[in-house]
file entry-v8.tsv (TSV, C-alpha atoms)
chain	number	residue	atom	x	y	z
A	1089	MET	CA	12.19	5.60	14.66
A	1090	ALA	CA	13.20	6.00	11.05
A	1091	PHE	CA	15.75	4.80	8.57
A	1092	VAL	CA	18.85	6.90	8.00
A	1093	ILE	CA	21.09	7.33	4.94
A	1094	THR	CA	24.80	7.46	5.77
A	1095	SER	CA	28.13	8.36	4.12
A	1096	PRO	CA	28.36	5.67	1.41
A	1097	CYS	CA	25.56	7.55	-0.40
A	1098	ARG	CA	27.79	10.59	-0.85
A	1099	ASN	CA	28.45	10.97	-4.56
A	1100	GLU	CA	26.80	7.61	-5.19
A	1101	LYS	CA	23.19	8.86	-5.24
A	1102	SER	CA	22.05	5.72	-6.96
A	1103	ALA	CA	18.38	6.42	-6.09
A	1104	GLU	CA	17.07	2.86	-5.97
A	1105	CYS	CA	15.73	3.83	-2.53
A	1106	VAL	CA	13.72	6.69	-3.98
A	1107	GLU	CA	12.03	4.32	-6.40
A	1108	VAL	CA	10.96	1.81	-3.77
A	1109	CYS	CA	9.93	4.15	-0.94
A	1110	PRO	CA	6.15	3.72	-0.59
A	1111	VAL	CA	5.68	7.06	1.13
A	1112	ASP	CA	8.08	9.19	-0.95
A	1113	ALA	CA	10.11	10.02	2.15
A	1114	ILE	CA	13.48	10.18	0.34
A	1115	HIS	CA	14.61	13.49	-1.10
A	1116	PRO	CA	17.75	14.49	-2.99
A	1117	GLY	CA	20.29	16.67	-1.17
A	1118	ASP	CA	23.30	18.20	-2.86
A	1119	ASP	CA	25.60	15.19	-2.69
A	1120	MET	CA	23.41	12.50	-1.13
A	1121	TYR	CA	19.83	11.47	-0.40
A	1122	PHE	CA	18.02	11.99	2.90
A	1123	ILE	CA	15.07	10.24	4.58
A	1124	ASP	CA	12.42	12.39	6.22
A	1125	PRO	CA	12.13	10.86	9.71
A	1126	ASP	CA	8.59	12.19	10.15
A	1127	VAL	CA	7.38	10.49	6.99
A	1128	CYS	CA	9.38	7.24	7.14
A	1129	ILE	CA	7.21	4.25	8.12
A	1130	ASP	CA	10.09	1.87	8.89
A	1131	CYS	CA	9.19	-0.56	6.13
A	1132	ALA	CA	12.89	-1.18	5.32
A	1133	ALA	CA	12.28	-1.34	1.57
A	1134	CYS	CA	15.12	1.16	0.97
A	1135	GLU	CA	17.64	-0.70	3.11
A	1136	ALA	CA	17.23	-3.81	1.00
A	1137	VAL	CA	17.82	-2.13	-2.38
A	1138	CYS	CA	20.69	0.24	-1.50
A	1139	PRO	CA	23.65	-0.85	-3.69
A	1140	VAL	CA	26.22	0.61	-1.26
A	1141	GLN	CA	24.61	-0.41	2.07
A	1142	ALA	CA	24.27	3.19	3.16
A	1143	ILE	CA	20.90	2.80	4.89
A	1144	TYR	CA	20.38	1.72	8.48
A	1145	ALA	CA	17.56	1.66	11.00
A	1146	GLU	CA	18.18	4.59	13.32
A	1147	GLU	CA	19.27	2.46	16.27
A	1148	GLU	CA	21.60	0.40	14.11
A	1149	VAL	CA	23.58	3.25	12.59
A	1150	PRO	CA	27.29	2.52	13.18
A	1151	GLU	CA	28.96	4.81	15.69
A	1152	GLU	CA	31.14	6.57	13.11
A	1153	GLU	CA	28.03	7.37	11.03
A	1154	GLU	CA	25.85	8.67	13.85
A	1155	LYS	CA	26.09	12.29	12.76
A	1156	PHE	CA	23.93	11.36	9.77
A	1157	ILE	CA	20.94	10.80	12.06
A	1158	SER	CA	20.83	14.54	12.78
A	1159	LEU	CA	21.93	15.43	9.23
A	1160	ASN	CA	18.88	13.60	7.84
A	1161	ARG	CA	16.58	15.34	10.28
A	1162	LYS	CA	18.20	18.72	9.80
A	1163	TYR	CA	17.82	18.58	6.04
A	1164	PHE	CA	14.04	18.43	6.35
A	1165	GLU	CA	13.88	21.06	9.06
A	1166	GLU	CA	15.75	23.42	6.74
A	1167	ILE	CA	13.61	22.85	3.65
A	1168	SER	CA	10.30	23.03	5.52
B	537	MET	CA	-25.58	1.47	-5.80
B	538	ASP	CA	-25.70	0.07	-2.29
B	539	LYS	CA	-27.88	2.44	-0.25
B	540	GLU	CA	-27.96	0.16	2.75
B	541	MET	CA	-27.09	1.45	6.18
B	542	TYR	CA	-24.26	-0.41	7.87
B	543	ASP	CA	-23.46	-0.52	11.58
B	544	VAL	CA	-19.78	-0.01	10.91
B	545	THR	CA	-17.80	0.81	7.79
B	546	ILE	CA	-14.15	-0.10	8.02
B	547	ILE	CA	-11.89	2.09	5.93
B	548	GLY	CA	-8.82	0.08	4.99
B	549	GLY	CA	-8.74	-3.66	4.25
B	550	GLY	CA	-5.33	-4.42	5.73
B	551	PRO	CA	-4.72	-6.89	8.56
B	552	ILE	CA	-6.31	-4.66	11.19
B	553	GLY	CA	-9.37	-3.86	9.07
B	554	LEU	CA	-9.83	-7.56	8.31
B	555	PHE	CA	-9.61	-8.55	11.97
B	556	ALA	CA	-12.01	-5.72	12.84
B	557	ALA	CA	-14.42	-7.10	10.22
B	558	PHE	CA	-14.23	-10.51	11.86
B	559	TYR	CA	-14.73	-9.04	15.29
B	560	GLY	CA	-17.63	-6.95	14.04
B	561	GLY	CA	-19.23	-10.21	12.95
B	562	MET	CA	-18.62	-11.68	16.38
B	563	ARG	CA	-20.41	-8.72	17.92
B	564	GLN	CA	-23.22	-9.15	15.37
B	565	LEU	CA	-22.65	-5.84	13.61
B	566	LYS	CA	-23.45	-5.28	9.96
B	567	VAL	CA	-20.01	-4.63	8.48
B	568	LYS	CA	-18.65	-3.13	5.28
B	569	ILE	CA	-14.96	-2.82	4.33
B	570	ILE	CA	-13.77	-0.21	1.83
B	571	GLU	CA	-10.31	-0.76	0.34
B	572	SER	CA	-8.47	1.47	-2.16
B	573	LEU	CA	-6.59	-1.34	-3.92
B	574	PRO	CA	-8.18	-4.10	-6.00
B	575	HIS	CA	-7.19	-6.62	-3.31
B	576	LEU	CA	-7.31	-6.93	0.47
B	577	GLY	CA	-4.27	-7.19	2.72
B	578	GLY	CA	-2.90	-3.65	2.92
B	579	GLN	CA	0.86	-3.29	3.32
B	580	LEU	CA	1.24	-7.05	3.71
B	581	ASN	CA	0.16	-7.57	0.11
B	582	ALA	CA	1.31	-4.28	-1.40
B	583	LEU	CA	4.80	-4.08	0.11
B	584	TYR	CA	6.03	-7.46	1.30
B	585	PRO	CA	3.79	-10.43	0.41
B	586	GLU	CA	6.69	-12.89	0.31
B	587	LYS	CA	8.37	-11.84	3.55
B	588	TYR	CA	8.10	-13.73	6.81
B	589	ILE	CA	6.57	-12.18	9.91
B	590	TYR	CA	7.73	-13.51	13.26
B	591	ASP	CA	5.69	-11.57	15.78
B	592	ILE	CA	2.12	-12.72	15.29
B	593	ALA	CA	1.06	-14.30	18.58
B	594	GLY	CA	0.86	-18.06	18.23
B	595	PHE	CA	2.65	-18.19	14.86
B	596	PRO	CA	6.44	-18.72	15.07
B	597	GLN	CA	6.65	-17.57	11.45
B	598	THR	CA	4.11	-16.82	8.77
B	599	LYS	CA	4.44	-15.44	5.27
B	600	ALA	CA	2.73	-12.05	4.95
B	601	LYS	CA	0.42	-13.20	2.14
B	602	ASP	CA	-0.51	-16.35	4.08
B	603	LEU	CA	-1.48	-14.22	7.06
B	604	VAL	CA	-3.69	-12.16	4.75
B	605	ASP	CA	-5.35	-15.33	3.42
B	606	SER	CA	-6.08	-16.50	6.98
B	607	LEU	CA	-7.42	-13.11	8.02
B	608	VAL	CA	-9.67	-12.98	4.95
B	609	ASN	CA	-10.99	-16.49	5.68
B	610	GLN	CA	-11.61	-15.55	9.30
B	611	ALA	CA	-13.41	-12.31	8.39
B	612	MET	CA	-15.52	-13.84	5.60
B	613	GLN	CA	-17.21	-16.27	8.03
B	614	PHE	CA	-19.59	-13.41	8.79
B	615	GLU	CA	-19.97	-12.28	5.18
B	616	PRO	CA	-19.11	-8.60	5.47
B	617	THR	CA	-19.63	-6.46	2.36
B	618	VAL	CA	-16.28	-5.89	0.67
B	619	VAL	CA	-15.81	-2.87	-1.58
B	620	LEU	CA	-12.54	-2.80	-3.53
B	621	ASN	CA	-10.96	-0.15	-5.76
B	622	GLN	CA	-12.60	2.71	-3.88
B	623	THR	CA	-10.96	5.47	-1.91
B	624	VAL	CA	-13.07	7.36	0.61
B	625	GLU	CA	-12.73	11.00	-0.26
B	626	GLY	CA	-15.24	12.74	1.96
B	627	VAL	CA	-17.15	12.02	5.16
B	628	VAL	CA	-20.26	13.92	6.19
B	629	LYS	CA	-22.24	13.43	9.38
B	630	THR	CA	-25.96	13.88	8.82
B	631	ASP	CA	-28.35	15.56	11.26
B	632	ASP	CA	-29.53	12.18	12.55
B	633	GLY	CA	-25.95	11.25	13.49
B	634	TYR	CA	-25.24	8.88	10.61
B	635	PHE	CA	-22.34	9.08	8.19
B	636	GLN	CA	-22.29	9.49	4.44
B	637	MET	CA	-19.01	8.58	2.79
B	638	VAL	CA	-18.29	9.51	-0.77
B	639	THR	CA	-15.66	7.54	-2.67
B	640	ASN	CA	-14.27	7.97	-6.17
B	641	LYS	CA	-17.25	5.84	-7.35
B	642	GLU	CA	-20.29	6.03	-5.07
B	643	MET	CA	-21.88	6.93	-1.75
B	644	HIS	CA	-21.82	4.72	1.36
B	645	TYR	CA	-23.96	4.96	4.50
B	646	SER	CA	-23.02	3.91	7.99
B	647	LYS	CA	-23.83	4.46	11.66
B	648	THR	CA	-20.16	4.42	12.61
B	649	ILE	CA	-16.76	4.44	10.91
B	650	LEU	CA	-13.63	2.54	11.88
B	651	ILE	CA	-10.51	3.91	10.23
B	652	SER	CA	-7.81	1.26	9.90
B	653	ALA	CA	-6.03	2.89	7.00
B	654	GLY	CA	-2.46	2.32	8.21
B	655	ILE	CA	-0.26	4.74	6.31
B	656	GLY	CA	-3.12	5.85	4.08
B	657	ALA	CA	-4.61	4.71	0.80
B	658	PHE	CA	-2.26	2.89	-1.52
B	659	GLU	CA	-2.20	3.62	-5.19
B	660	PRO	CA	0.16	2.52	-7.92
B	661	ARG	CA	3.07	4.84	-8.63
B	662	ARG	CA	1.90	6.32	-11.91
B	663	LEU	CA	3.82	7.36	-15.02
B	664	ASN	CA	5.13	10.86	-14.75
B	665	PHE	CA	3.62	12.13	-18.03
B	666	GLU	CA	0.66	14.43	-18.02
B	667	HIS	CA	-0.98	12.81	-21.02
B	668	ALA	CA	-0.57	9.25	-19.60
B	669	LYS	CA	-3.76	9.51	-17.54
B	670	GLN	CA	-6.03	9.44	-20.62
B	671	TYR	CA	-4.79	5.95	-21.53
B	672	GLU	CA	-5.66	4.42	-18.15
B	673	GLY	CA	-8.38	1.85	-18.56
B	674	LYS	CA	-7.49	1.62	-22.27
B	675	ASN	CA	-4.05	0.18	-22.94
B	676	LEU	CA	-2.08	1.55	-20.00
B	677	HIS	CA	-2.36	-0.82	-17.03
B	678	TYR	CA	-1.29	-0.52	-13.41
B	679	PHE	CA	-3.12	-3.71	-12.41
B	680	ILE	CA	-3.86	-6.90	-14.30
B	681	ASN	CA	-7.34	-8.32	-13.90
B	682	ASP	CA	-7.77	-10.59	-16.89
B	683	LEU	CA	-4.78	-12.35	-18.37
B	684	ASN	CA	-6.76	-13.31	-21.52
B	685	HIS	CA	-6.92	-9.67	-22.50
B	686	PHE	CA	-3.21	-9.88	-23.31
B	687	ALA	CA	-3.33	-12.96	-25.55
B	688	ASP	CA	-1.54	-12.53	-28.90
B	689	LYS	CA	-0.62	-8.91	-28.13
B	690	ASP	CA	2.70	-7.04	-28.12
B	691	ILE	CA	3.25	-6.13	-24.50
B	692	CYS	CA	5.71	-3.85	-22.75
B	693	ILE	CA	6.19	-4.13	-19.00
B	694	LEU	CA	7.93	-1.35	-17.08
B	695	GLY	CA	9.63	-2.15	-13.79
B	696	GLY	CA	12.17	-4.45	-12.22
B	697	GLY	CA	10.57	-5.86	-9.08
B	698	ASP	CA	8.74	-9.09	-8.42
B	699	SER	CA	5.43	-7.97	-9.92
B	700	ALA	CA	7.01	-6.87	-13.20
B	701	VAL	CA	9.01	-10.07	-13.57
B	702	ASP	CA	6.10	-12.30	-12.55
B	703	TRP	CA	3.74	-10.65	-15.03
B	704	ALA	CA	6.33	-10.96	-17.80
B	705	LEU	CA	6.65	-14.69	-17.10
B	706	MET	CA	2.89	-15.21	-16.98
B	707	MET	CA	2.30	-13.37	-20.25
B	708	GLU	CA	5.17	-14.79	-22.23
B	709	PRO	CA	3.40	-18.06	-23.16
B	710	ILE	CA	0.18	-16.37	-24.32
B	711	ALA	CA	1.31	-13.03	-25.75
B	712	ASN	CA	2.74	-12.42	-29.18
B	713	LYS	CA	5.74	-10.65	-27.72
B	714	VAL	CA	6.68	-9.49	-24.21
B	715	SER	CA	9.35	-6.88	-23.48
B	716	ILE	CA	10.41	-5.91	-19.97
B	717	ILE	CA	12.05	-2.53	-19.51
B	718	HIS	CA	14.05	-1.76	-16.38
B	719	ARG	CA	16.16	1.22	-15.38
B	720	ARG	CA	18.81	-0.89	-13.67
B	721	ASN	CA	21.09	-3.70	-14.69
B	722	ASN	CA	19.81	-5.88	-11.87
B	723	PHE	CA	16.22	-6.93	-11.28
B	724	ARG	CA	14.91	-6.62	-7.73
B	725	ALA	CA	12.86	-9.80	-8.06
B	726	HIS	CA	13.53	-13.23	-6.56
B	727	GLU	CA	16.63	-14.84	-8.01
B	728	ALA	CA	14.71	-17.88	-9.23
B	729	SER	CA	12.23	-15.68	-11.12
B	730	VAL	CA	15.04	-13.65	-12.69
B	731	ARG	CA	16.74	-16.83	-13.87
B	732	LYS	CA	13.45	-18.00	-15.38
B	733	LEU	CA	13.09	-14.63	-17.09
B	734	GLU	CA	16.56	-14.84	-18.59
B	735	ASP	CA	15.81	-18.34	-19.92
B	736	SER	CA	12.47	-17.25	-21.39
B	737	ASP	CA	11.64	-15.57	-24.69
B	738	VAL	CA	10.92	-12.27	-22.93
B	739	ASN	CA	12.81	-9.41	-24.55
B	740	ILE	CA	14.85	-7.87	-21.72
B	741	LEU	CA	15.71	-4.18	-22.19
B	742	LYS	CA	18.04	-2.74	-19.52
B	743	PRO	CA	19.22	-0.32	-18.33
B	744	TYR	CA	16.57	1.73	-20.11
B	745	ASN	CA	14.55	4.68	-18.89
B	746	LEU	CA	11.12	5.57	-20.26
B	747	LYS	CA	11.55	8.80	-22.17
B	748	GLU	CA	8.22	9.39	-23.87
B	749	ILE	CA	4.92	7.73	-24.67
B	750	HIS	CA	3.33	8.21	-28.08
B	751	GLY	CA	-0.33	7.68	-28.81
B	752	ASP	CA	-3.43	8.97	-30.54
B	753	ASP	CA	-6.71	9.95	-28.87
B	754	GLU	CA	-7.43	6.34	-27.98
B	755	TYR	CA	-4.33	4.27	-27.40
B	756	ILE	CA	-0.61	4.38	-26.72
B	757	GLN	CA	1.08	3.14	-29.87
B	758	SER	CA	4.73	3.21	-28.97
B	759	ILE	CA	7.21	4.36	-26.37
B	760	THR	CA	10.68	5.84	-26.62
B	761	ILE	CA	13.21	4.45	-24.18
B	762	GLN	CA	16.74	5.61	-23.56
B	763	ASN	CA	19.72	3.46	-22.68
B	764	LEU	CA	21.19	4.91	-19.48
B	765	GLU	CA	24.73	3.86	-20.36
B	766	THR	CA	24.94	4.81	-24.05
B	767	ASN	CA	22.13	7.43	-24.09
B	768	GLU	CA	20.90	5.81	-27.29
B	769	CYS	CA	17.12	6.09	-27.81
B	770	VAL	CA	14.98	3.24	-29.09
B	771	SER	CA	11.34	3.21	-30.10
B	772	VAL	CA	9.23	0.20	-29.11
B	773	GLU	CA	5.80	-0.41	-30.64
B	774	LEU	CA	3.20	-1.98	-28.43
B	775	ASP	CA	-0.42	-2.98	-27.99
B	776	GLU	CA	-0.46	-2.89	-24.18
B	777	LEU	CA	1.73	-1.05	-21.66
B	778	ILE	CA	1.94	-2.39	-18.11
B	779	THR	CA	3.57	-0.27	-15.41
B	780	ASN	CA	4.85	-1.85	-12.19
B	781	TYR	CA	6.60	0.93	-10.34
B	782	GLY	CA	5.32	-0.18	-6.93
B	783	PHE	CA	2.90	1.63	-4.67
B	784	VAL	CA	2.76	4.96	-2.94
B	785	SER	CA	0.46	5.82	-0.11
B	786	SER	CA	-0.77	8.95	1.52
B	787	LEU	CA	-3.32	9.91	4.13
B	788	GLY	CA	-4.71	12.34	1.58
B	789	PRO	CA	-8.33	13.22	2.27
B	790	ILE	CA	-8.45	11.60	5.74
B	791	LYS	CA	-6.74	14.71	7.07
B	792	GLU	CA	-9.75	16.80	5.99
B	793	TRP	CA	-12.40	14.99	8.02
B	794	GLY	CA	-12.10	17.09	11.15
B	795	LEU	CA	-10.11	14.48	13.06
B	796	GLU	CA	-7.46	15.44	15.57
B	797	PHE	CA	-3.98	14.43	14.42
B	798	HIS	CA	-0.56	14.24	16.00
B	799	LYS	CA	1.91	14.31	13.09
B	800	ASN	CA	0.41	11.67	10.77
B	801	SER	CA	-1.50	9.72	13.41
B	802	ILE	CA	-5.11	10.07	14.56
B	803	ILE	CA	-5.43	10.73	18.28
B	804	VAL	CA	-7.70	8.21	20.03
B	805	ASP	CA	-8.53	7.49	23.66
B	806	SER	CA	-8.34	4.07	25.31
B	807	THR	CA	-11.67	3.07	23.68
B	808	MET	CA	-10.25	3.88	20.18
B	809	ARG	CA	-12.69	6.78	19.87
B	810	THR	CA	-11.55	9.82	17.90
B	811	ASN	CA	-12.61	13.39	18.59
B	812	VAL	CA	-15.55	12.92	16.17
B	813	GLU	CA	-18.40	11.03	17.82
B	814	GLY	CA	-19.05	7.84	15.87
B	815	ILE	CA	-15.64	7.67	14.23
B	816	TYR	CA	-13.16	5.19	15.67
B	817	ALA	CA	-9.67	4.23	14.54
B	818	ALA	CA	-7.26	1.33	15.01
B	819	GLY	CA	-3.83	0.09	14.01
B	820	ASP	CA	-0.85	1.99	12.63
B	821	ILE	CA	-2.91	5.10	11.94
B	822	VAL	CA	-3.64	5.83	15.62
B	823	THR	CA	-1.66	7.25	18.47
B	824	PHE	CA	-2.30	7.25	22.21
B	825	LYS	CA	-0.06	7.13	25.25
B	826	GLY	CA	2.01	3.97	25.02
B	827	LYS	CA	0.94	3.12	21.44
B	828	VAL	CA	3.15	0.48	19.83
B	829	LYS	CA	2.82	0.07	16.06
B	830	LEU	CA	2.69	-3.67	15.45
B	831	ILE	CA	0.21	-6.00	13.79
B	832	ALA	CA	-0.19	-7.67	17.21
B	833	THR	CA	-1.25	-4.46	18.93
B	834	GLY	CA	-3.34	-3.39	15.94
B	835	PHE	CA	-5.47	-6.52	16.40
B	836	SER	CA	-5.99	-5.45	19.98
B	837	ASP	CA	-6.99	-1.91	18.89
B	838	ALA	CA	-9.47	-3.49	16.47
B	839	ALA	CA	-11.20	-5.62	19.12
B	840	THR	CA	-11.38	-2.65	21.48
B	841	ALA	CA	-12.73	-0.36	18.74
B	842	ILE	CA	-15.42	-2.85	17.68
B	843	SER	CA	-16.53	-3.34	21.28
B	844	SER	CA	-16.74	0.43	21.73
B	845	ILE	CA	-18.74	0.70	18.51
B	846	LYS	CA	-21.08	-2.03	19.73
B	847	THR	CA	-21.84	-0.12	22.92
B	848	TYR	CA	-22.14	3.17	21.00
B	849	ILE	CA	-24.81	1.65	18.72
B	850	ASP	CA	-26.46	-0.35	21.48
B	851	PRO	CA	-25.81	1.25	24.87
B	852	LYS	CA	-27.20	-1.85	26.59
B	853	ALA	CA	-24.49	-4.08	25.05
B	854	ARG	CA	-21.45	-5.01	27.08
B	855	GLN	CA	-18.03	-3.58	26.27
B	856	GLN	CA	-16.47	-6.86	27.38
B	857	PRO	CA	-17.52	-9.59	24.94
B	858	GLN	CA	-18.06	-13.20	25.89
B	859	HIS	CA	-15.30	-15.68	25.15
B	860	SER	CA	-15.20	-16.58	21.46
B	861	THR	CA	-15.41	-20.30	22.33
B	862	SER	CA	-19.03	-19.89	23.42
B	863	LEU	CA	-19.95	-16.77	21.43
B	864	PHE	CA	-19.00	-18.09	17.99
B	865	GLU	CA	-21.18	-21.20	18.25
B	866	LYS	CA	-24.15	-19.13	19.40
B	867	ILE	CA	-23.90	-16.65	16.52
B	868	LYS	CA	-23.38	-19.27	13.85
B	869	ALA	CA	-26.28	-21.41	15.19
call {"tool": "encode", "arguments": {"input": "entry-v8.tsv", "output": "structure tokens"}}
result
Amino acid sequence: MAFVITSPCRNEKSAECVEVCPVDAIHPGDDMYFIDPDVCIDCAACEAVCPVQAIYAEEEVPEEEEKFISLNRKYFEEIS
Amino acid sequence: MDKEMYDVTIIGGGPIGLFAAFYGGMRQLKVKIIESLPHLGGQLNALYPEKYIYDIAGFPQTKAKDLVDSLVNQAMQFEPTVVLNQTVEGVVKTDDGYFQMVTNKEMHYSKTILISAGIGAFEPRRLNFEHAKQYEGKNLHYFINDLNHFADKDICILGGGDSAVDWALMMEPIANKVSIIHRRNNFRAHEASVRKLEDSDVNILKPYNLKEIHGDDEYIQSITIQNLETNECVSVELDELITNYGFVSSLGPIKEWGLEFHKNSIIVDSTMRTNVEGIYAAGDIVTFKGKVKLIATGFSDAATAISSIKTYIDPKARQQPQHSTSLFEKIKA
């Protein structure tokens, strides 16, 4: 399991999540941030500080945002 | 320096390490705990001390820091040696099968090792300036040990979470002047603390970003901060700079000890033994078929690991311990 950043982050990129992540799992993409699912420890610190409620636990991602689960994962597969 | 040989050295003083220390006492092992932070409690203290936990068996709800206090009390009944502020960097197995562990400060000796390091060693998120390091231990602080040190000084606190706000409130009555500098317009601390802060004499500077630190060979003398809305820069003179940017953790050197990993978890068998004879692991750092990462199951890993260590050190000992109701009285007698 991991936390996932969804569409409200697009062009918001407020970055509170980056500051609180204890394992530095959150990286900047072009127009939004992504969480590395292999590094995320499910502590939920990011979910609490997101000013636009863009972050969900993987199994709680709303249906219309589900594509972000693979987008988060894909981002890290591409940069690694 | 403590050259004593221990039966088991527990790396990581979080909930699982603490319970393992208790259980080591129950099995009459000589126990040492090594913890990277200046306090015990692991993630519970570093990440969410004020949050409630609802899945500790027998406790409908318990605050994380209260659980730590109980675990510390339980473990200390057997007086384990507790080493704080040290991170184990290297582990070497000697020819006679014992372990030497080198930390950032000294050498430790043990017959076995139990790794309960969770997500790795925590350390404070440090300032991102190369020359900041030289002021650590002088007037740049990531931890506060002695409040009196700050009496009558001009103090700057960086950060916007609970620790930053709490330290500002504690120092305000004794310091000459306290400024708190935060990158956001809203503090992440408890509402009640933020209200107290706003009513206090603390100088609140937000939304400001730290731009530069200025100092001589010895001390930081001032900092330049930039307003994130107006871009205006301000210089603030100070005697002491306290940084509360939270914690980061990493497995770091543990990955170099010859242990078998799957992703970021150490592979153990059902006895909590790793691939290195004499090294055991428990809690969030391990993986095995069916592993569930919870405090509840970590406690179980710890008891299993300690029992395996007991039989490794003393092959005549039983893996299955006696019930604590009878065992505890016998040991304490």
call {"tool": "atom_distance", "arguments": {"input": "entry-v8.tsv", "atom1": "CA of Asp735 (chain B)", "atom2": "CA of Lys587 (chain B)"}}
result
25.5 Å
call {"tool": "closest_atom_pairs", "arguments": {"input": "entry-v8.tsv", "of": "chain A", "to": "chain B", "cutoff": "7 Å", "atoms": "all atoms listed in the file", "output": "Markdown table"}}
result
| residue | atom | partner | partner_atom | distance |
| --- | --- | --- | --- | --- |
| A:Val1108 | CA | B:Gly782 | CA | 6.8 |
| A:Pro1110 | CA | B:Val784 | CA | 4.3 |
| A:Val1111 | CA | B:Val784 | CA | 5.4 |
call {"tool": "atom_distance", "arguments": {"input": "entry-v8.tsv", "atom1": "CA of Ser729 (chain B)", "atom2": "CA of Asp602 (chain B)"}}
result
19.8 Å
call {"tool": "atom_distance", "arguments": {"input": "entry-v8.tsv", "atom1": "CA of Pro596 (chain B)", "atom2": "CA of Ala1132 (chain A)"}}
result
21.1 Å
call {"tool": "residues_around", "arguments": {"input": "entry-v8.tsv", "residues": "Asp1130 (chain A)", "least_positions_apart": "5", "cutoff": "8 Å", "atoms": "all atoms listed in the file", "output": "VMD selection string"}}
result
chain A and resid 1089 to 1091 1145
call {"tool": "write_last_selection", "arguments": {"input": "entry-v8.tsv", "atoms": "C-alpha atoms", "output": "PDB file, in the frame of the given file"}}
result
ATOM      1  CA  MET A1089      12.190   5.600  14.660  1.00  0.00           C
ATOM      2  CA  ALA A1090      13.200   6.000  11.050  1.00  0.00           C
ATOM      3  CA  PHE A1091      15.750   4.800   8.570  1.00  0.00           C
ATOM      4  CA  ALA A1145      17.560   1.660  11.000  1.00  0.00           C
TER       5      ALA A1145
END
call {"tool": "residues_around", "arguments": {"input": "entry-v8.tsv", "residues": "Leu683 (chain B)", "least_positions_apart": "2", "cutoff": "10 Å", "atoms": "all atoms listed in the file", "output": "list in words"}}
result
Ile680, Asn681, His685, Phe686, Ala687, Trp703, Met706, Met707, Ile710 and Ala711 of chain B
call {"tool": "write_last_selection", "arguments": {"input": "entry-v8.tsv", "atoms": "C-alpha atoms", "output": "mmCIF file, in the coordinates of the input"}}
result
data_model
loop_
_atom_site.group_PDB
_atom_site.id
_atom_site.type_symbol
_atom_site.label_atom_id
_atom_site.label_comp_id
_atom_site.auth_asym_id
_atom_site.auth_seq_id
_atom_site.Cartn_x
_atom_site.Cartn_y
_atom_site.Cartn_z
ATOM 1 C CA ILE B 680 -3.860 -6.900 -14.300
ATOM 2 C CA ASN B 681 -7.340 -8.320 -13.900
ATOM 3 C CA HIS B 685 -6.920 -9.670 -22.500
ATOM 4 C CA PHE B 686 -3.210 -9.880 -23.310
ATOM 5 C CA ALA B 687 -3.330 -12.960 -25.550
ATOM 6 C CA TRP B 703 3.740 -10.650 -15.030
ATOM 7 C CA MET B 706 2.890 -15.210 -16.980
ATOM 8 C CA MET B 707 2.300 -13.370 -20.250
ATOM 9 C CA ILE B 710 0.180 -16.370 -24.320
ATOM 10 C CA ALA B 711 1.310 -13.030 -25.750
#
call {"tool": "build_atoms", "arguments": {"input": "entry-v8.tsv", "residues": "region 1120-1127 of chain A", "atoms": "N, CA, C and O atoms", "output": "short mmCIF file (atom, residue, chain, number, x, y, z; two decimals), in the coordinates of the input"}}
result
data_model
loop_
_atom_site.label_atom_id
_atom_site.label_comp_id
_atom_site.auth_asym_id
_atom_site.auth_seq_id
_atom_site.Cartn_x
_atom_site.Cartn_y
_atom_site.Cartn_z
N MET A 1120 23.96 13.80 -1.57
CA MET A 1120 23.41 12.50 -1.13
C MET A 1120 21.90 12.61 -0.92
O MET A 1120 21.34 13.70 -0.97
N TYR A 1121 21.26 11.47 -0.69
CA TYR A 1121 19.83 11.47 -0.40
C TYR A 1121 19.58 11.48 1.11
O TYR A 1121 20.43 11.05 1.89
N PHE A 1122 18.40 11.97 1.49
CA PHE A 1122 18.02 11.99 2.90
C PHE A 1122 16.63 11.41 3.08
O PHE A 1122 15.78 11.53 2.19
N ILE A 1123 16.39 10.80 4.26
CA ILE A 1123 15.07 10.24 4.58
C ILE A 1123 14.39 11.14 5.60
O ILE A 1123 14.97 11.42 6.66
N ASP A 1124 13.18 11.54 5.29
CA ASP A 1124 12.42 12.39 6.22
C ASP A 1124 11.93 11.52 7.38
O ASP A 1124 11.07 10.66 7.20
N PRO A 1125 12.47 11.74 8.59
CA PRO A 1125 12.13 10.86 9.71
C PRO A 1125 10.66 10.96 10.13
O PRO A 1125 10.14 10.03 10.74
N ASP A 1126 10.01 12.06 9.79
CA ASP A 1126 8.59 12.19 10.15
C ASP A 1126 7.67 11.50 9.17
O ASP A 1126 6.48 11.32 9.42
N VAL A 1127 8.21 11.13 8.01
CA VAL A 1127 7.38 10.49 6.99
C VAL A 1127 7.68 8.99 6.91
O VAL A 1127 6.81 8.17 6.62
#
